[in-house]
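Dumped upload_4.cif below, it's mmCIF, C-alpha atoms:
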```cif
data_my_file
#
loop_
_atom_site.label_atom_id
_atom_site.label_comp_id
_atom_site.auth_asym_id
_atom_site.auth_seq_id
_atom_site.Cartn_x
_atom_site.Cartn_y
_atom_site.Cartn_z
CA MET W 1 144.39 90.99 171.11
CA LEU W 2 143.05 87.67 169.80
CA ARG W 3 139.98 86.00 171.24
CA ILE W 4 138.73 82.69 169.86
CA GLU W 5 135.30 81.82 171.23
CA HIS W 6 133.81 78.33 170.76
CA LEU W 7 135.32 77.90 167.30
CA THR W 8 134.00 74.91 165.35
CA LYS W 9 135.02 74.05 161.80
CA LYS W 10 133.54 71.03 159.99
CA TYR W 11 134.53 69.13 156.88
CA GLY W 12 131.45 67.10 156.07
CA ASP W 13 130.48 65.25 159.23
CA SER W 14 133.97 65.56 160.71
CA LYS W 15 134.93 68.38 163.09
CA ALA W 16 138.46 69.59 162.34
CA VAL W 17 138.14 72.06 165.23
CA ASP W 18 135.63 71.39 167.98
CA ASP W 19 134.45 74.17 170.35
CA LEU W 20 137.87 75.80 170.76
CA SER W 21 138.27 78.87 172.96
CA LEU W 22 141.57 80.73 173.50
CA HIS W 23 142.67 84.24 174.43
CA ILE W 24 146.03 85.72 173.38
CA ALA W 25 146.82 89.03 175.06
CA PRO W 26 149.10 91.82 173.81
CA GLY W 27 152.72 91.08 174.65
CA GLU W 28 152.26 87.29 174.66
CA ILE W 29 153.97 84.64 172.60
CA TYR W 30 151.41 81.82 172.54
CA GLY W 31 152.40 78.37 171.27
CA PHE W 32 149.92 76.02 169.62
CA ILE W 33 150.92 72.35 169.85
CA GLY W 34 149.47 69.17 168.36
CA HIS W 35 150.12 66.29 165.99
CA ASN W 36 149.51 66.61 162.25
CA GLY W 37 145.76 66.70 161.66
CA ALA W 38 144.99 67.94 165.16
CA GLY W 39 143.36 71.14 163.86
CA LYS W 40 146.19 73.65 164.24
CA THR W 41 146.36 74.91 160.65
CA THR W 42 142.57 74.95 160.34
CA THR W 43 142.41 77.16 163.43
CA LEU W 44 145.09 79.53 162.17
CA LYS W 45 143.50 79.83 158.74
CA SER W 46 140.15 80.58 160.38
CA VAL W 47 141.75 83.33 162.47
CA VAL W 48 143.24 85.08 159.43
CA GLY W 49 140.08 84.80 157.34
CA ILE W 50 141.20 82.17 154.82
CA LEU W 51 138.67 79.59 156.03
CA LYS W 52 135.07 80.19 156.95
CA PHE W 53 134.00 78.45 160.14
CA ASP W 54 130.70 76.91 161.17
CA GLU W 55 130.24 78.02 164.76
CA GLY W 56 131.74 80.45 167.25
CA GLU W 57 133.46 83.80 166.84
CA ILE W 58 136.97 85.17 166.42
CA TYR W 59 137.91 88.71 167.47
CA VAL W 60 141.07 90.64 166.67
CA ASP W 61 141.37 93.53 169.12
CA GLY W 62 137.61 93.33 169.64
CA VAL W 63 136.78 93.30 165.91
CA SER W 64 134.91 90.31 164.47
CA VAL W 65 136.66 88.30 161.74
CA LYS W 66 133.22 87.31 160.48
CA THR W 67 131.70 90.76 160.07
CA SER W 68 134.81 92.92 159.52
CA PRO W 69 137.44 90.70 157.88
CA LEU W 70 139.34 93.50 156.12
CA GLU W 71 139.65 95.56 159.28
CA CYS W 72 141.04 92.51 161.07
CA LYS W 73 143.50 91.72 158.27
CA LYS W 74 144.93 95.24 158.45
CA MET W 75 145.96 94.55 162.06
CA LEU W 76 147.53 91.14 161.56
CA ALA W 77 150.08 89.21 159.53
CA TYR W 78 150.06 85.54 158.54
CA ILE W 79 153.09 83.38 157.80
CA PRO W 80 151.99 79.99 156.40
CA ASP W 81 153.96 76.77 156.79
CA ASN W 82 154.73 76.72 153.06
CA PRO W 83 155.10 80.24 151.62
CA ASP W 84 153.30 80.40 148.27
CA LEU W 85 154.91 83.48 146.73
CA TYR W 86 154.63 85.02 143.27
CA GLU W 87 157.68 83.48 141.63
CA PHE W 88 157.62 85.80 138.61
CA MET W 89 158.53 88.67 140.95
CA THR W 90 161.92 89.53 142.38
CA GLY W 91 162.30 89.68 146.14
CA ILE W 92 162.17 93.46 146.27
CA GLN W 93 159.16 93.58 143.95
CA TYR W 94 157.28 91.20 146.23
CA LEU W 95 158.10 93.20 149.36
CA ASN W 96 157.00 96.44 147.69
CA PHE W 97 153.82 94.71 146.51
CA ILE W 98 152.96 93.73 150.09
CA ALA W 99 153.86 97.21 151.34
CA ASP W 100 151.52 98.71 148.72
CA ILE W 101 148.66 96.50 149.92
CA PHE W 102 149.07 97.75 153.48
CA GLY W 103 149.70 101.36 152.46
CA VAL W 104 153.18 101.61 153.96
CA GLU W 105 154.88 104.88 153.00
CA ALA W 106 157.93 104.67 150.72
CA GLN W 107 160.48 105.98 153.22
CA VAL W 108 159.16 103.75 156.01
CA ARG W 109 159.09 100.61 153.88
CA THR W 110 162.59 101.24 152.56
CA GLU W 111 163.97 101.44 156.09
CA ARG W 112 162.13 98.34 157.28
CA ILE W 113 163.04 96.28 154.21
CA ARG W 114 166.70 97.23 154.55
CA ARG W 115 166.74 96.47 158.28
CA TYR W 116 165.08 93.06 158.08
CA ALA W 117 166.83 92.00 154.86
CA ASP W 118 170.17 92.78 156.48
CA THR W 119 169.11 90.95 159.63
CA PHE W 120 168.18 87.80 157.70
CA GLU W 121 171.15 88.22 155.34
CA ILE W 122 169.20 88.24 152.07
CA THR W 123 169.79 91.86 150.98
CA GLU W 124 171.93 90.78 148.03
CA ASP W 125 169.25 88.30 146.93
CA LEU W 126 166.38 90.77 146.68
CA ALA W 127 167.10 91.48 143.01
CA GLN W 128 166.76 87.80 142.15
CA PRO W 129 163.46 86.22 140.97
CA LEU W 130 161.66 84.22 143.63
CA SER W 131 161.79 81.20 141.33
CA ALA W 132 165.52 81.05 142.14
CA TYR W 133 164.98 81.16 145.92
CA SER W 134 165.44 78.12 148.14
CA HIS W 135 162.69 77.19 150.59
CA GLY W 136 164.64 78.84 153.40
CA MET W 137 165.05 82.07 151.44
CA LYS W 138 161.33 82.12 150.64
CA GLN W 139 160.58 81.63 154.32
CA LYS W 140 162.80 84.57 155.22
CA LEU W 141 161.10 86.75 152.60
CA ALA W 142 157.66 85.75 153.87
CA ILE W 143 158.70 86.71 157.40
CA ILE W 144 160.00 90.11 156.23
CA SER W 145 156.81 90.74 154.24
CA ALA W 146 154.77 90.02 157.37
CA LEU W 147 156.68 92.61 159.38
CA ILE W 148 156.58 95.52 156.91
CA HIS W 149 153.32 97.02 158.19
CA GLU W 150 154.15 96.44 161.88
CA PRO W 151 151.16 94.18 162.64
CA ARG W 152 149.68 94.06 166.11
CA LEU W 153 149.00 90.34 165.81
CA ILE W 154 151.19 87.79 164.01
CA ILE W 155 149.93 84.31 163.15
CA MET W 156 152.62 81.78 162.24
CA ASP W 157 152.25 78.18 161.08
CA GLU W 158 155.49 76.26 161.72
CA PRO W 159 157.65 79.36 161.21
CA PHE W 160 160.98 77.63 161.91
CA VAL W 161 160.63 74.95 159.23
CA GLY W 162 163.23 75.51 156.51
CA LEU W 163 165.20 78.09 158.45
CA ASP W 164 168.87 77.52 159.19
CA PRO W 165 169.90 77.69 162.89
CA LYS W 166 171.11 81.29 162.63
CA ALA W 167 167.91 82.49 160.96
CA ALA W 168 165.80 80.59 163.51
CA HIS W 169 167.72 82.27 166.33
CA THR W 170 167.22 85.64 164.66
CA LEU W 171 163.48 85.05 164.31
CA LYS W 172 163.13 84.09 167.97
CA GLY W 173 164.83 87.34 168.96
CA ILE W 174 162.55 89.38 166.69
CA MET W 175 159.47 87.63 168.11
CA ARG W 176 160.48 88.54 171.65
CA GLU W 177 161.25 92.16 170.68
CA LEU W 178 157.87 92.54 168.96
CA CYS W 179 155.99 91.23 171.98
CA GLU W 180 157.93 93.48 174.33
CA ALA W 181 156.59 96.33 172.17
CA GLY W 182 152.99 95.11 172.64
CA CYS W 183 152.50 92.78 169.67
CA ALA W 184 150.85 89.37 170.17
CA ILE W 185 152.10 86.21 168.47
CA PHE W 186 150.15 82.97 168.02
CA PHE W 187 152.11 80.19 166.33
CA SER W 188 152.08 76.46 165.80
CA THR W 189 155.22 74.36 166.04
CA HIS W 190 156.44 70.80 166.33
CA VAL W 191 159.69 71.96 167.90
CA LEU W 192 158.71 71.55 171.53
CA GLU W 193 162.08 72.64 172.92
CA VAL W 194 161.72 75.98 171.13
CA ALA W 195 158.15 76.41 172.36
CA GLU W 196 159.15 75.66 175.94
CA LYS W 197 161.91 78.28 175.94
CA LEU W 198 160.13 80.94 173.88
CA CYS W 199 156.44 80.87 174.76
CA ASP W 200 154.69 82.68 177.58
CA LYS W 201 151.64 80.46 177.17
CA VAL W 202 150.85 77.25 175.32
CA ALA W 203 147.80 75.30 174.20
CA ILE W 204 147.73 71.62 173.22
CA ILE W 205 145.05 70.44 170.80
CA LYS W 206 144.10 66.85 169.98
CA GLY W 207 141.48 65.72 167.48
CA GLY W 208 140.23 69.28 167.15
CA LYS W 209 139.63 69.65 170.89
CA LEU W 210 141.60 71.72 173.37
CA VAL W 211 143.35 69.42 175.83
CA VAL W 212 145.15 71.94 178.03
CA ALA W 213 146.08 75.62 177.95
CA GLY W 214 147.82 78.04 180.27
CA THR W 215 151.17 79.57 181.13
CA MET W 216 154.17 77.43 180.29
CA GLU W 217 154.79 76.77 183.98
CA GLU W 218 151.16 75.79 184.57
CA VAL W 219 151.17 73.35 181.67
CA LYS W 220 154.54 71.65 182.15
CA GLY W 221 154.93 71.94 185.92
CA ASP W 222 158.11 70.20 187.10
CA THR W 223 158.46 68.18 183.92
CA SER W 224 159.11 69.18 180.29
CA LEU W 225 156.66 70.25 177.61
CA GLU W 226 157.68 67.21 175.56
CA GLU W 227 156.77 64.82 178.37
CA VAL W 228 153.43 66.54 178.96
CA PHE W 229 152.64 66.45 175.23
CA LEU W 230 153.48 62.76 174.91
CA GLU W 231 151.39 61.88 177.96
CA LEU W 232 148.38 63.81 176.69
CA GLU W 233 148.68 62.31 173.22
CA GLU W 234 148.57 58.69 174.45
#
```
Once you've parsed the file, please lay out its structure as structure tokens.
Amino acid sequence: MLRIEHLTKKYGDSKAVDDLSLHIAPGEIYGFIGHNGAGKTTTLKSVVGILKFDEGEIYVDGVSVKTSPLECKKMLAYIPDNPDLYEFMTGIQYLNFIADIFGVEAQVRTERIRRYADTFEITEDLAQPLSAYSHGMKQKLAIISALIHEPRLIIMDEPFVGLDPKAAHTLKGIMRELCEAGCAIFFSTHVLEVAEKLCDKVAIIKGGKLVVAGTMEEVKGDTSLEEVFLELEE
């Protein structure tokens, strides 16, 4: 579903991402691990078409992000680490705005908005302006907006930051359900315990370079993901 081939992104003479190659298949939850500044967000923003990159290629279901960015964006959803929403809108206005962009029919969007808003317990808040939302509420709304068009690939940057324990548990369940239906999820996180329990595969990046990648069992072996990460980061 997502193929990153020899991705390199430079800022001046510095390589934020250096010759990175990864493959995320349909049905996989793929964790992306690394310290701040390791190149995780740069990679994710390159995948979704926010950042142009210097070398390599990125394919979403075989379609090039470079040559067909709009076609790729129709198939994916992106949840940033800090949702930057239109605060002059109400919650329901924002969700309908996103649904309009992706051409989701009225009846379909209404059902999906109701289902996910009830699931994340923000139905009663949808009439409120986003300027009144807490960070956690904005995060929930961003997640719901990403699910409205049923993307085949979901890119998440630290999706659990700002969520209360119940909402985080709910999101993990939704992620697993989506992948069981054939969706692919590629997400960064600092919460290694969550990654270890949730992910099918994991990649660790350091200084823009891929250090290790594989199934969770291949990467952690008889130890824990935290121990492997700390050893590789020394």
Output of the PyMOL selection byres ((chain W and resi 123) around 12), listed as JSON, numbers by chain: {"W": [90, 91, 92, 95, 110, 112, 113, 114, 115, 116, 117, 118, 119, 120, 121, 122, 124, 125, 126, 127, 128, 137, 140, 141, 144]}
Resolved residues for the PyMOL selection byres ((chain W and resi 84) around 12) as a list of chain:residue names: W:Tyr78, W:Ile79, W:Pro80, W:Asp81, W:Asn82, W:Pro83, W:Leu85, W:Tyr86, W:Glu87, W:Phe88, W:Tyr94, W:Leu130, W:Ser131, W:Tyr133, W:His135, W:Lys138, W:Gln139, W:Leu141, W:Ala142
If you take all atoms listed in the file and a cut-off of 8 Å, which residues of range 51-160 of chain W touch range 23-47 of chain W, and what are their nearest atom pairs and distances in Å to one decimal, in chain and number order, as CSV?
```
residue,atom,partner,partner_atom,distance
W:Leu51,CA,W:Ser46,CA,4.7
W:Lys52,CA,W:Ser46,CA,6.1
W:Phe53,CA,W:Ser46,CA,6.5
W:Ile58,CA,W:Val47,CA,6.5
W:Val65,CA,W:Val47,CA,7.2
W:Ile155,CA,W:Leu44,CA,6.9
W:Met156,CA,W:Leu44,CA,7.9
W:Asp157,CA,W:Thr41,CA,6.8
```
Distance of CA of Asp61 in chain W from CA of Met1 in chain W, expressed in Å to one decimal place: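 For CA of Met1 in chain W relative to CA of Asp61 in chain W, the distance reads 4.4 Å.
Here CA of Pro69 in chain W stands at a distance of 6.5 Å from CA of Gly49 in chain W.
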Counting all atoms listed in the file, the option among W:Ala195, W:Met175, W:Ile50, W:Val60 closest to Glu5 in chain W: W:Val60
Residues selected by the PyMOL selection byres ((chain W and resi 19) around 6), written as a PyMOL selection string: chain W and resi 6-8+18+20
Dump as a tab-separated table (two decimals), in the coordinates of the input, selection limited to C-alpha atoms:
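The result, written out as out.tsv:
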```
chain	number	residue	atom	x	y	z
W	6	HIS	CA	133.81	78.33	170.76
W	7	LEU	CA	135.32	77.90	167.30
W	8	THR	CA	134.00	74.91	165.35
W	18	ASP	CA	135.63	71.39	167.98
W	20	LEU	CA	137.87	75.80	170.76
```
Within 9 Å of Val219 in chain W using all atoms listed in the file, minus same-chain residues under 3 positions, as a ChimeraX atom specification: /W:201-203,212-216,225,228
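Note that the spacing between CA of Ser134 in chain W and CA of Leu153 in chain W amounts to 27.1 Å.
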Using only C-alpha atoms: which of W:Gly208, W:Ser145, W:Cys199, W:Phe229 has the shortest distance to Cys179 in chain W: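 Answer, going by the shortest atom-to-atom distance: W:Cys199.
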Residue among W:Glu111, W:Glu226, W:Asp164, W:Asp13 lying closest to Val194 in chain W, counting only C-alpha atoms: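 Between W:Glu111, W:Glu226, W:Asp164, W:Asp13, the residue approaching Val194 in chain W most closely is W:Glu226.
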Minimum-distance residue to Ile154 in chain W, chosen among W:Thr189, W:Lys73, W:Glu233, W:Thr170 (using all atoms listed in the file):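 Residue with the minimum atom-to-atom distance to Ile154 in chain W: W:Lys73.
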Which of W:Ala106, W:Val161, W:Ile4, W:Val191 sits closest to Val17 in chain W [using only C-alpha atoms]: W:Ile4
Long-range neighbours of Glu150 in chain W as a count of residues only, 10 Å cut-off, all atoms listed in the file, 4 positions minimum in chain: 12
Axis-aligned box for range 113-130 of chain W, 5 Å per side, centre and edges in Å as lines of an AutoDock Vina configuration file:
```
center_x = 166.8
center_y = 90.7
center_z = 150.3
size_x = 20.3
size_y = 23.0
size_z = 28.7
```
Nearest to Glu180 in chain W by atom-to-atom distance, counting all atoms listed in the file, from W:Lys197, W:Lys166, W:Lys206, W:Arg152: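 Ranking W:Lys197, W:Lys166, W:Lys206, W:Arg152 by distance to Glu180 in chain W, first place goes to W:Arg152.
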Using the structure just given, write a file holding all heavy atoms for range 111-122 of chain W, as an mmCIF file, in the first residue's frame.
```cif
data_model
loop_
_atom_site.group_PDB
_atom_site.id
_atom_site.type_symbol
_atom_site.label_atom_id
_atom_site.label_comp_id
_atom_site.auth_asym_id
_atom_site.auth_seq_id
_atom_site.Cartn_x
_atom_site.Cartn_y
_atom_site.Cartn_z
ATOM 1 N N GLU W 111 -23.845 9.243 8.805
ATOM 2 C CA GLU W 111 -23.730 7.996 9.570
ATOM 3 C C GLU W 111 -22.349 7.857 10.180
ATOM 4 O O GLU W 111 -22.218 7.482 11.353
ATOM 5 C CB GLU W 111 -24.030 6.807 8.643
ATOM 6 C CG GLU W 111 -24.116 5.461 9.360
ATOM 7 C CD GLU W 111 -22.746 4.838 9.604
ATOM 8 O OE1 GLU W 111 -21.860 5.026 8.744
ATOM 9 O OE2 GLU W 111 -22.556 4.176 10.648
ATOM 10 N N ARG W 112 -21.312 8.168 9.407
ATOM 11 C CA ARG W 112 -19.942 8.019 9.909
ATOM 12 C C ARG W 112 -19.626 9.042 10.996
ATOM 13 O O ARG W 112 -18.986 8.719 12.005
ATOM 14 C CB ARG W 112 -18.947 8.138 8.753
ATOM 15 C CG ARG W 112 -19.000 6.956 7.790
ATOM 16 C CD ARG W 112 -18.100 7.146 6.591
ATOM 17 N NE ARG W 112 -18.289 6.067 5.640
ATOM 18 C CZ ARG W 112 -17.809 6.082 4.386
ATOM 19 N NH1 ARG W 112 -17.116 7.131 3.944
ATOM 20 N NH2 ARG W 112 -18.034 5.064 3.585
ATOM 21 N N ILE W 113 -20.076 10.273 10.803
ATOM 22 C CA ILE W 113 -19.847 11.307 11.818
ATOM 23 C C ILE W 113 -20.538 10.922 13.123
ATOM 24 O O ILE W 113 -19.946 11.021 14.204
ATOM 25 C CB ILE W 113 -20.344 12.684 11.325
ATOM 26 C CG1 ILE W 113 -19.425 13.206 10.215
ATOM 27 C CG2 ILE W 113 -20.391 13.682 12.484
ATOM 28 C CD1 ILE W 113 -19.937 14.462 9.530
ATOM 29 N N ARG W 114 -21.777 10.464 13.023
ATOM 30 C CA ARG W 114 -22.512 10.081 14.225
ATOM 31 C C ARG W 114 -21.806 8.912 14.929
ATOM 32 O O ARG W 114 -21.651 8.929 16.166
ATOM 33 C CB ARG W 114 -23.943 9.680 13.863
ATOM 34 C CG ARG W 114 -24.793 9.291 15.081
ATOM 35 C CD ARG W 114 -26.176 8.783 14.691
ATOM 36 N NE ARG W 114 -26.936 9.788 13.970
ATOM 37 C CZ ARG W 114 -27.311 9.683 12.714
ATOM 38 N NH1 ARG W 114 -26.965 8.616 12.003
ATOM 39 N NH2 ARG W 114 -28.007 10.638 12.128
ATOM 40 N N ARG W 115 -21.384 7.931 14.152
ATOM 41 C CA ARG W 115 -20.763 6.743 14.749
ATOM 42 C C ARG W 115 -19.466 7.090 15.466
ATOM 43 O O ARG W 115 -19.254 6.709 16.623
ATOM 44 C CB ARG W 115 -20.495 5.713 13.638
ATOM 45 C CG ARG W 115 -19.648 4.514 14.073
ATOM 46 C CD ARG W 115 -19.893 3.335 13.160
ATOM 47 N NE ARG W 115 -19.883 3.710 11.757
ATOM 48 C CZ ARG W 115 -18.811 3.574 10.946
ATOM 49 N NH1 ARG W 115 -17.688 3.090 11.418
ATOM 50 N NH2 ARG W 115 -18.893 3.906 9.667
ATOM 51 N N TYR W 116 -18.591 7.840 14.794
ATOM 52 C CA TYR W 116 -17.291 8.136 15.398
ATOM 53 C C TYR W 116 -17.393 9.192 16.501
ATOM 54 O O TYR W 116 -16.654 9.135 17.496
ATOM 55 C CB TYR W 116 -16.300 8.577 14.327
ATOM 56 C CG TYR W 116 -15.825 7.444 13.457
ATOM 57 C CD1 TYR W 116 -16.014 7.465 12.072
ATOM 58 C CD2 TYR W 116 -15.172 6.340 14.003
ATOM 59 C CE1 TYR W 116 -15.580 6.419 11.269
ATOM 60 C CE2 TYR W 116 -14.737 5.290 13.209
ATOM 61 C CZ TYR W 116 -14.936 5.340 11.848
ATOM 62 O OH TYR W 116 -14.506 4.307 11.063
ATOM 63 N N ALA W 117 -18.310 10.151 16.347
ATOM 64 C CA ALA W 117 -18.485 11.158 17.396
ATOM 65 C C ALA W 117 -19.021 10.503 18.665
ATOM 66 O O ALA W 117 -18.589 10.843 19.781
ATOM 67 C CB ALA W 117 -19.423 12.260 16.925
ATOM 68 N N ASP W 118 -19.931 9.556 18.504
ATOM 69 C CA ASP W 118 -20.429 8.819 19.672
ATOM 70 C C ASP W 118 -19.309 7.981 20.290
ATOM 71 O O ASP W 118 -19.172 7.913 21.517
ATOM 72 C CB ASP W 118 -21.589 7.904 19.265
ATOM 73 C CG ASP W 118 -22.879 8.662 18.988
ATOM 74 O OD1 ASP W 118 -22.952 9.854 19.344
ATOM 75 O OD2 ASP W 118 -23.802 8.056 18.414
ATOM 76 N N THR W 119 -18.515 7.355 19.436
ATOM 77 C CA THR W 119 -17.427 6.505 19.920
ATOM 78 C C THR W 119 -16.426 7.301 20.745
ATOM 79 O O THR W 119 -15.962 6.838 21.800
ATOM 80 C CB THR W 119 -16.711 5.827 18.738
ATOM 81 O OG1 THR W 119 -17.635 5.002 18.026
ATOM 82 C CG2 THR W 119 -15.553 4.963 19.225
ATOM 83 N N PHE W 120 -16.091 8.504 20.276
ATOM 84 C CA PHE W 120 -15.118 9.338 20.992
ATOM 85 C C PHE W 120 -15.781 10.308 21.979
ATOM 86 O O PHE W 120 -15.101 11.146 22.572
ATOM 87 C CB PHE W 120 -14.261 10.122 19.992
ATOM 88 C CG PHE W 120 -13.194 9.299 19.344
ATOM 89 C CD1 PHE W 120 -13.325 8.876 18.029
ATOM 90 C CD2 PHE W 120 -12.046 8.953 20.040
ATOM 91 C CE1 PHE W 120 -12.336 8.111 17.420
ATOM 92 C CE2 PHE W 120 -11.053 8.197 19.447
ATOM 93 C CZ PHE W 120 -11.190 7.765 18.140
ATOM 94 N N GLU W 121 -17.090 10.183 22.119
ATOM 95 C CA GLU W 121 -17.853 10.937 23.123
ATOM 96 C C GLU W 121 -17.722 12.454 22.955
ATOM 97 O O GLU W 121 -17.521 13.188 23.922
ATOM 98 C CB GLU W 121 -17.423 10.514 24.538
ATOM 99 C CG GLU W 121 -17.660 9.034 24.812
ATOM 100 C CD GLU W 121 -17.240 8.618 26.211
ATOM 101 O OE1 GLU W 121 -16.437 9.344 26.840
ATOM 102 O OE2 GLU W 121 -17.710 7.567 26.672
ATOM 103 N N ILE W 122 -17.837 12.930 21.716
ATOM 104 C CA ILE W 122 -17.820 14.376 21.492
ATOM 105 C C ILE W 122 -19.044 14.842 20.697
ATOM 106 O O ILE W 122 -19.064 15.967 20.193
ATOM 107 C CB ILE W 122 -16.532 14.844 20.781
ATOM 108 C CG1 ILE W 122 -16.435 14.252 19.364
ATOM 109 C CG2 ILE W 122 -15.301 14.542 21.600
ATOM 110 C CD1 ILE W 122 -15.364 14.948 18.536
#
```
